[in-house]
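Data block below; observations after.
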Amino acid sequence: MVDAAVSFTIEKLGEFVTKQVNIRIGVKDGIEWLRDELGYLLISVRAAEAHQGSDHIRLWTESVRNVANQALIILDRFGTQQEEHEAHKQGSVLNRMRSFICICQKEANLFDISKDIESLRKRVVGIKSRRDEYRINDMIIATPVVQQRKRTLLRAASFDHEHDTVGLEDDVQTLLALLSNGDPSLSLISIHGMGGLGKSTLASKLYHSSELSHFKRRAWVCVSEDYDIRHVLRKIINSLTGEDLDSLNKMEEIELLRHLRTKLDVDHYLVVIDDIWDADNWKKIKNAFPDKKNGSRVIITTRNKTVAEGVDDKCFVHELRFLRADESWQLFCKRTKPTPNLEILGKEMVGKCGGLPLAIVILAGLLLQKKTFTFWSEVKDHLWRRLKGKSSEIEELLNLSYDDLSFRMSQCFLYLARFPEDQIIDVFKLKLLWIAEEFISEADEEDGVHMEDVAEDYVNEFINRNMIQIELLSPGGQVLICRVHDLVRDLAIEKATEHKILGIFDSSKQHPNPIRSLQGQSRHAIYNGIDEYLKLLGHNSDALTLRSLAITKKIGRREVEEVKLMYTRFKYLKVLDLTSVRSSEAIPEEIGDLIFLKFLGLMGGIDEDVLVIPPSIGKLKKLQTLCGSRYYNIPYKHPKEMCELKEIRHLMFYTIDGKMNIGGDQTKLQTINCIPYAELHHIDTTNWTNLHTLKITGSRGKEGQFYNLESIANLTNLQTLSVYMEYDIISAIQPLGSCKHLRRVVLYGLMEDPEQLSLLPDSVIDLELVLTNFKKDPMLTLKSLPNLTALRLEDSYSGKNMVCSADAFQCLQSLSLNTLRNLKELQVDEGALPSLKAFQIKRCDSIKIDKIPPRITSLPLVPFIPLTSLY
């Protein structure tokens with residue numbers, strides 16, 4: 001990834017030269033020289049990327065990357081100083097007086113930057129000299145390319161398929177049934193999953209099964225061994241027919257395809273195409289397998305879900321799962337039977353492997369060397385390092401997916417190191433952090449694409465590549481919560497530290513020199529020990545280059561002076577996330593000095609006391625995301641200066657005191673959570689064309705007030721609407737019919753007539769009704785919503801009977817009935833709820849469960865969706 005990092009720096013240097021016209025000629029010349037020289041070095045770097053086996057080459061490319069990173073820091077520092085200077089030129093008389101002082105400071109800053117650039121110039125000259133002195137270019141030419149060797153070596157079929165198929169028994173039987181079902185049509189099966197899960201092992205088990213011995217013609221080819229499609233086709237032909245490779249070498253791609261199709265006309269065949277990485281490669285190979293109705297079968301393995309699903313319209317897609325805890329232990333014990341005193345340690349380590357068979361097998365091989373408590377304890381304390389030491393295979397297997405990423409995607413992936421072990425990750429917050437960290441380019445919005453949509457694409461791509469795991473999906477199929485396998489996370493931590501993406505401070509870990517791991521890192525994540533962190537950092541000069549600071553685990557109360565210290569010490573922060581801090585008695589006024597912030601996560605308050613956001617928040621002109629504590633139900637009081645945040649996109653609070661103090665001219669708003677009805681009612685929402693998520697709350701006055709939703713009609717791009725009126729009355733929902741993109745609706749409050757629900761747009765797929773207290777059966781109306789996928793009813797119906805009539809709710813997959821005290825019978829007629837996959841009934845004490853069809857009551861429970869995932 002060094003070449004990508006250098007390319008990115010060259011791009012930024014070019015942008016700087018174009019935009020910064022009013023700077024000293026010497027500074028501009030120095031930056032142009034640096035850009036040009038890095039461009040020339042990039043040629044050698046690209047050639048060297050595939051030859052990292054040599055220490056000389058590795059150290060040399062590392063020195064180029066360090067220069068590129070340092071150049072970005074210089075540009076960033078200059079940019080922030082320029083913005084600070086411009087900020088002082090506006091506003092009060094005091095600020096204008098400060099601007100005169102800043103002119104002198106600006107000149108001093110330019111002088112410092114000139115010195116920094118000159119220092120980089122000398123380093124570049126030294127890098128070029130070392131390239132010649134150590135004959136780096138000659139070594140690159142002489143060293144064989146290792147990428148192909150790595151991809152050949154590091155296939156998941158790294159252990160004996162005859163012995164280590166624990167957990168694959170059901171997979172084998174399912175796929176064997178498909179392969180031997182007698183259907184004369186060509187059948188294709190794609191197997192996908194994370195590297196190391198056993199995709200190739202499963203394919204091998206099928207390939208060698210006696211139940212498929214009737215396939216006389218068969219071939220196994222690993223696409224990762226060759227990128228040239230002609231080599232793949234030659235190997236298939238050679239395996240199927242035994243033809244000499246020399247004669248095949250003379251054929252071009254088209255000739256090989258024709259020749260292979262001719263050979264496949266005769267008998268039925270079984271072919272395994274192992275380790276497909278690229279959909280385009282498969283499309284070419286697919287042409288070689290016409291459907292001759294002779295019962296032939298093709299198996300494809302890939303770690304990319306998109307490739308697996310795109311094999312063919314009729315392809316059976318099989319996702320390989322991680323091993324369960326009992327299966328993991330069984331596999332481990334097959335390789336090394338632990339003595340009773342080692343079982344607890346062994347199970348802890350096996351648990352850390354997260355059900356990944358390759359990791360378990362390598363761990364077992366390592367521990368087999370010495371069965372002593374001391375040795376096993378040492379391995380447990382340094383599991384990732386020990387596994388790498390035992391076998392380079394596991395690290396490089398994970399590296400393959402990482403190496404295939406674009407530069408921006410690689411930054412987003414390495415940022416996952418920010419999250420502690422075993423912590424689930426809120427995907428929405430993750431996307432907003434990527435944007436604030438500037439991993440997502442604002443240039444994308446020039447093409448009419450929101451940065452949030454680009455971030456969503458990145459999340460889906462990581463899932464498709466099996467680099468992150470889905471923990472919870474919305475009814476519409478959007479990933480709400482994800483997690484990272486421990487070994488993948490360890491890779492991210494290692495790479496993030498190496499590439500200067502992020503440094504981690506964890507006081508619970510023994511580290512001989514903890515400050516060293518933070519030096520030169522522009523982002524810090526604090527797992528434990530905020531007190532130790534602040535003392536350790538002291539007045540370190542790195543504090544001025546720090547761009548991101550996050551406390552990632554829940555911690556207790558912090559004193560105001562301590563919080564103020566963070567605000568004043570790290571003045572160039574773009575991201576500050578304190579949402580895991582339980583409480584502080586106040587938010588210091590100094591928060592307004594962090595004028596470069598794009599993401600601000602506030603700490604909680606004391607007990608249920610109101611936490612006041614100071615008026616200085618209005619100075620944060622770049623702020624895109626402002627959110628309150630996600631763990632504690634603390635009300636925040638917003639100042640009138642909130643309306644000055646013109647770049648704000650996401651406002652996320654569970655409880656507020658008084659008004660949110662925003663206006664119709666804040667046109668970039670996408671998320672408002674939550675705004676009082678009384679305030680929203682007086683805002684002209686015509687220009688809120690970007691708003692997609694809105695939560696409205698009722699007044700805290702006397703109960704029984706009437707609310708209509710007329711102000712919603714303008715929000716034509718709204719996707720999620722939550723209305724929380726408690727015991728007030730939602731009098732009319734007709735305006736929601738104008739919101740043609742509305743997908744999720746929560747109505748929490750009294751409604752007089754369920755027939756109003758027929759006015760919801762057909763786009764609604766997820767509906768929750770709470771405390772509506774209908775007298776009529778709402779199912780009679782809800783069945784008219786054609787795309788409804790998830791329905792939750794809580795304390796919403798006072799009747800005794802509920803009917804899902806014949807053929808109703810064709811798309812409904814999830815149904816939850818909660819606290820319907822009077823309900824005695826749920827009638828499900830023939831053909832109703834054909835797509836239901838999850839069902840739950842709670843606190844419906846009068847219901848006759850035995851009257852509900854068993855096909856409904858036997859379904860899995862509806863998954864719990866935590867409030868934190870519903871911003």
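Chains: A, B, ... in order of the structure tokens. Residues: from 1 per chain. Ligands: from 1, in order shown.
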Could you name the residues that touch Val64 in chain A at 12 Å or less, counting only C-alpha atoms, but leaving out those on the same chain fewer than 5 positions away, as a PyMOL selection string? chain A and resi 1-7+9+34+37-46+48-49+57-59+69-71+120-121+123-128+130-131+499
12 Å contact set for His450 in chain A, only C-alpha atoms, chain neighbours under 4 positions out, as a ChimeraX atom specification: /A:431-432,435,440-446,454-457,649,668-670,690-692
The selected residues should be written to file as an mmCIF file, in the first residue's frame (atoms: N, CA, C and O atoms).
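Contents of the output file selection01.cif:
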```
data_model
loop_
_atom_site.group_PDB
_atom_site.id
_atom_site.type_symbol
_atom_site.label_atom_id
_atom_site.label_comp_id
_atom_site.auth_asym_id
_atom_site.auth_seq_id
_atom_site.Cartn_x
_atom_site.Cartn_y
_atom_site.Cartn_z
ATOM 1 N N LYS A 431 -19.693 5.188 9.981
ATOM 2 C CA LYS A 431 -19.686 5.923 8.711
ATOM 3 C C LYS A 431 -19.446 7.417 8.939
ATOM 4 O O LYS A 431 -18.697 8.058 8.179
ATOM 5 N N LEU A 432 -20.064 7.976 9.966
ATOM 6 C CA LEU A 432 -19.885 9.408 10.261
ATOM 7 C C LEU A 432 -18.454 9.700 10.706
ATOM 8 O O LEU A 432 -17.904 10.769 10.398
ATOM 9 N N ILE A 435 -16.174 9.808 7.677
ATOM 10 C CA ILE A 435 -16.328 11.081 6.963
ATOM 11 C C ILE A 435 -15.573 12.188 7.685
ATOM 12 O O ILE A 435 -14.837 12.964 7.058
ATOM 13 N N ILE A 440 -13.325 9.657 3.513
ATOM 14 C CA ILE A 440 -14.265 9.772 2.397
ATOM 15 C C ILE A 440 -14.093 11.169 1.812
ATOM 16 O O ILE A 440 -14.132 12.156 2.536
ATOM 17 N N SER A 441 -13.916 11.251 0.524
ATOM 18 C CA SER A 441 -13.609 12.526 -0.114
ATOM 19 C C SER A 441 -14.864 13.367 -0.315
ATOM 20 O O SER A 441 -15.899 12.868 -0.784
ATOM 21 N N GLU A 442 -14.767 14.654 0.038
ATOM 22 C CA GLU A 442 -15.872 15.580 -0.211
ATOM 23 C C GLU A 442 -16.092 15.798 -1.698
ATOM 24 O O GLU A 442 -17.159 16.242 -2.122
ATOM 25 N N ALA A 443 -15.076 15.463 -2.506
ATOM 26 C CA ALA A 443 -15.207 15.628 -3.958
ATOM 27 C C ALA A 443 -16.326 14.761 -4.515
ATOM 28 O O ALA A 443 -16.903 15.067 -5.562
ATOM 29 N N ASP A 444 -16.664 13.679 -3.814
ATOM 30 C CA ASP A 444 -17.735 12.799 -4.288
ATOM 31 C C ASP A 444 -19.064 13.538 -4.355
ATOM 32 O O ASP A 444 -19.921 13.218 -5.187
ATOM 33 N N GLU A 445 -19.250 14.530 -3.477
ATOM 34 C CA GLU A 445 -20.521 15.235 -3.434
ATOM 35 C C GLU A 445 -20.702 16.155 -4.635
ATOM 36 O O GLU A 445 -21.813 16.585 -4.917
ATOM 37 N N GLU A 446 -19.615 16.436 -5.340
ATOM 38 C CA GLU A 446 -19.737 17.225 -6.563
ATOM 39 C C GLU A 446 -20.503 16.463 -7.630
ATOM 40 O O GLU A 446 -21.065 17.030 -8.552
ATOM 41 N N VAL A 454 -21.352 6.908 0.061
ATOM 42 C CA VAL A 454 -20.058 6.294 -0.275
ATOM 43 C C VAL A 454 -19.597 5.416 0.890
ATOM 44 O O VAL A 454 -19.126 4.284 0.702
ATOM 45 N N ALA A 455 -19.748 5.933 2.119
ATOM 46 C CA ALA A 455 -19.378 5.159 3.303
ATOM 47 C C ALA A 455 -20.207 3.881 3.401
ATOM 48 O O ALA A 455 -19.689 2.823 3.782
ATOM 49 N N GLU A 456 -21.490 3.968 3.061
ATOM 50 C CA GLU A 456 -22.349 2.779 3.053
ATOM 51 C C GLU A 456 -21.835 1.738 2.057
ATOM 52 O O GLU A 456 -21.826 0.535 2.332
ATOM 53 N N ASP A 457 -21.386 2.216 0.903
ATOM 54 C CA ASP A 457 -20.810 1.303 -0.103
ATOM 55 C C ASP A 457 -19.567 0.603 0.452
ATOM 56 O O ASP A 457 -19.351 -0.587 0.199
ATOM 57 N N ARG A 649 -24.777 18.167 9.762
ATOM 58 C CA ARG A 649 -25.502 17.154 8.991
ATOM 59 C C ARG A 649 -26.288 16.205 9.899
ATOM 60 O O ARG A 649 -27.329 15.701 9.504
ATOM 61 N N LYS A 668 -28.044 21.308 5.121
ATOM 62 C CA LYS A 668 -27.295 20.057 4.993
ATOM 63 C C LYS A 668 -27.742 18.993 5.983
ATOM 64 O O LYS A 668 -27.222 17.876 5.974
ATOM 65 N N LEU A 669 -28.712 19.338 6.818
ATOM 66 C CA LEU A 669 -29.188 18.404 7.823
ATOM 67 C C LEU A 669 -29.721 17.123 7.187
ATOM 68 O O LEU A 669 -30.539 17.163 6.270
ATOM 69 N N GLN A 670 -29.232 15.990 7.705
ATOM 70 C CA GLN A 670 -29.720 14.683 7.264
ATOM 71 C C GLN A 670 -30.406 13.929 8.404
ATOM 72 O O GLN A 670 -31.320 13.150 8.168
ATOM 73 N N ASN A 690 -32.382 17.384 2.244
ATOM 74 C CA ASN A 690 -31.463 16.270 2.511
ATOM 75 C C ASN A 690 -31.864 15.440 3.728
ATOM 76 O O ASN A 690 -31.250 14.404 3.997
ATOM 77 N N LEU A 691 -32.881 15.883 4.458
ATOM 78 C CA LEU A 691 -33.245 15.212 5.707
ATOM 79 C C LEU A 691 -33.806 13.820 5.430
ATOM 80 O O LEU A 691 -34.763 13.662 4.668
ATOM 81 N N HIS A 692 -33.192 12.812 6.051
ATOM 82 C CA HIS A 692 -33.689 11.445 5.857
ATOM 83 C C HIS A 692 -34.118 10.772 7.158
ATOM 84 O O HIS A 692 -34.804 9.750 7.123
#
```
Using the chain letters and numbers from this document, which residues of range 319-453 of chain A does DSSP assign to helix (DSSP H, G or I), as a PyMOL selection string? chain A and resi 325-335+340-352+357-367+373-381+383-390+392-403+407-418+427-436+442-447+451-453
For a quick check of understanding, using only C-alpha atoms, which of A:Asp312, A:Leu356, A:Met660, A:Thr262 has the smallest distance to Ala288 in chain A? A:Thr262
Between CA of Lys621 in chain A and CA of Met566 in chain A, what is the distance, to one decimal in Å? 19.7 Å
Using only C-alpha atoms, which protein or nucleic acid residues come within 9 Å of Glu327 in chain A? Drop anything in the same chain fewer than 5 positions from it, and give the result as a PyMOL selection string. chain A and resi 166-167+332+355
Give me a file of those residues, with N, CA, C and O atoms, as a compact mmCIF listing (two decimals), in the first residue's frame.
```txt
# COMPACT_ATOMS: atom_id res chain seq x y z
N VAL A 166 -14.31 -30.71 10.91
CA VAL A 166 -15.25 -30.45 12.01
C VAL A 166 -16.14 -29.27 11.64
O VAL A 166 -15.67 -28.23 11.18
N GLY A 167 -17.45 -29.47 11.83
CA GLY A 167 -18.39 -28.39 11.55
C GLY A 167 -18.85 -28.32 10.12
O GLY A 167 -19.72 -27.52 9.78
N PHE A 332 -9.82 -28.34 18.00
CA PHE A 332 -8.58 -28.12 18.74
C PHE A 332 -8.08 -29.42 19.37
O PHE A 332 -6.90 -29.77 19.29
N GLY A 355 -13.89 -19.03 16.10
CA GLY A 355 -14.50 -20.01 15.22
C GLY A 355 -13.85 -20.12 13.86
O GLY A 355 -14.42 -20.70 12.94
```
From the DSSP assignment of the backbone, select every residue of range 536-571 of chain A that is strand (DSSP E or B), and format the answer as a compact mmCIF listing (two decimals) with C-alpha atoms, in the first residue's frame.
```
# COMPACT_ATOMS: atom_id res chain seq x y z
CA SER A 548 -8.57 12.62 16.44
CA LEU A 549 -9.11 11.59 20.06
CA ALA A 550 -11.61 9.01 21.27
CA ILE A 551 -12.35 7.36 24.60
CA ILE A 555 -15.50 5.37 32.08
```
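Considering the residues A:Pro778, A:Asp728, A:Arg569, A:Ile683 and counting only C-alpha atoms, Thr697 in chain A has its shortest atom-to-atom contact with A:Asp728.
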Distance query Ile849 in chain A at most 12 Å, only C-alpha atoms, self and fewer than 2 positions along chain excluded, as a compact mmCIF listing (two decimals) with N, CA, C and O atoms, in the first residue's frame:
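And here's around.txt as it stands now:
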```txt
# COMPACT_ATOMS: atom_id res chain seq x y z
N LEU A 823 -56.02 -9.27 24.43
CA LEU A 823 -56.02 -10.14 23.25
C LEU A 823 -56.16 -11.61 23.65
O LEU A 823 -55.34 -12.14 24.40
N LYS A 824 -57.19 -12.26 23.10
CA LYS A 824 -57.42 -13.67 23.40
C LYS A 824 -57.11 -14.58 22.22
O LYS A 824 -56.73 -15.74 22.41
N GLU A 825 -57.28 -14.04 21.00
CA GLU A 825 -57.11 -14.91 19.84
C GLU A 825 -56.41 -14.17 18.70
O GLU A 825 -56.78 -13.05 18.34
N LEU A 826 -55.38 -14.80 18.17
CA LEU A 826 -54.73 -14.34 16.94
C LEU A 826 -55.10 -15.34 15.85
O LEU A 826 -54.61 -16.48 15.83
N GLN A 827 -55.95 -14.92 14.94
CA GLN A 827 -56.42 -15.80 13.87
C GLN A 827 -55.56 -15.60 12.64
O GLN A 827 -55.44 -14.49 12.12
N VAL A 828 -54.96 -16.68 12.17
CA VAL A 828 -54.13 -16.63 10.96
C VAL A 828 -54.78 -17.53 9.92
O VAL A 828 -54.74 -18.76 10.01
N GLN A 840 -42.80 -13.10 17.78
CA GLN A 840 -42.64 -12.96 19.22
C GLN A 840 -43.93 -12.45 19.83
O GLN A 840 -44.57 -11.54 19.28
N ILE A 841 -44.32 -13.04 20.94
CA ILE A 841 -45.50 -12.56 21.65
C ILE A 841 -45.14 -12.48 23.14
O ILE A 841 -44.69 -13.46 23.74
N LYS A 842 -45.30 -11.29 23.74
CA LYS A 842 -44.90 -11.06 25.13
C LYS A 842 -46.00 -10.29 25.86
O LYS A 842 -46.63 -9.39 25.29
N CYS A 844 -48.91 -10.87 26.66
CA CYS A 844 -50.28 -10.98 26.16
C CYS A 844 -50.92 -12.13 26.95
O CYS A 844 -51.03 -13.27 26.45
N ASP A 845 -51.29 -11.83 28.17
CA ASP A 845 -51.60 -12.87 29.15
C ASP A 845 -52.84 -13.69 28.81
O ASP A 845 -52.99 -14.82 29.25
N SER A 846 -53.74 -13.12 28.01
CA SER A 846 -55.01 -13.81 27.74
C SER A 846 -54.98 -14.64 26.46
O SER A 846 -55.95 -15.33 26.15
N ILE A 847 -53.92 -14.55 25.71
CA ILE A 847 -53.86 -15.19 24.40
C ILE A 847 -53.88 -16.72 24.51
O ILE A 847 -53.32 -17.30 25.43
N LYS A 851 -54.04 -21.87 19.75
CA LYS A 851 -54.89 -21.55 18.61
C LYS A 851 -54.11 -20.92 17.45
O LYS A 851 -54.64 -20.77 16.35
N ILE A 852 -52.87 -20.53 17.72
CA ILE A 852 -52.02 -19.96 16.68
C ILE A 852 -51.35 -21.12 15.94
O ILE A 852 -50.84 -22.05 16.58
N PRO A 853 -51.32 -21.11 14.61
CA PRO A 853 -50.71 -22.21 13.86
C PRO A 853 -49.27 -22.48 14.31
O PRO A 853 -48.50 -21.54 14.51
N PRO A 854 -48.91 -23.77 14.47
CA PRO A 854 -47.55 -24.11 14.90
C PRO A 854 -46.46 -23.56 13.98
O PRO A 854 -45.36 -23.26 14.44
N ILE A 856 -46.25 -20.76 12.93
CA ILE A 856 -45.97 -19.39 13.39
C ILE A 856 -45.24 -19.43 14.73
O ILE A 856 -44.21 -18.77 14.92
N THR A 857 -45.77 -20.18 15.68
CA THR A 857 -45.20 -20.19 17.03
C THR A 857 -43.83 -20.87 17.10
O THR A 857 -43.08 -20.64 18.05
N SER A 858 -43.51 -21.68 16.11
CA SER A 858 -42.22 -22.38 16.12
C SER A 858 -41.10 -21.55 15.50
O SER A 858 -39.94 -21.98 15.49
```
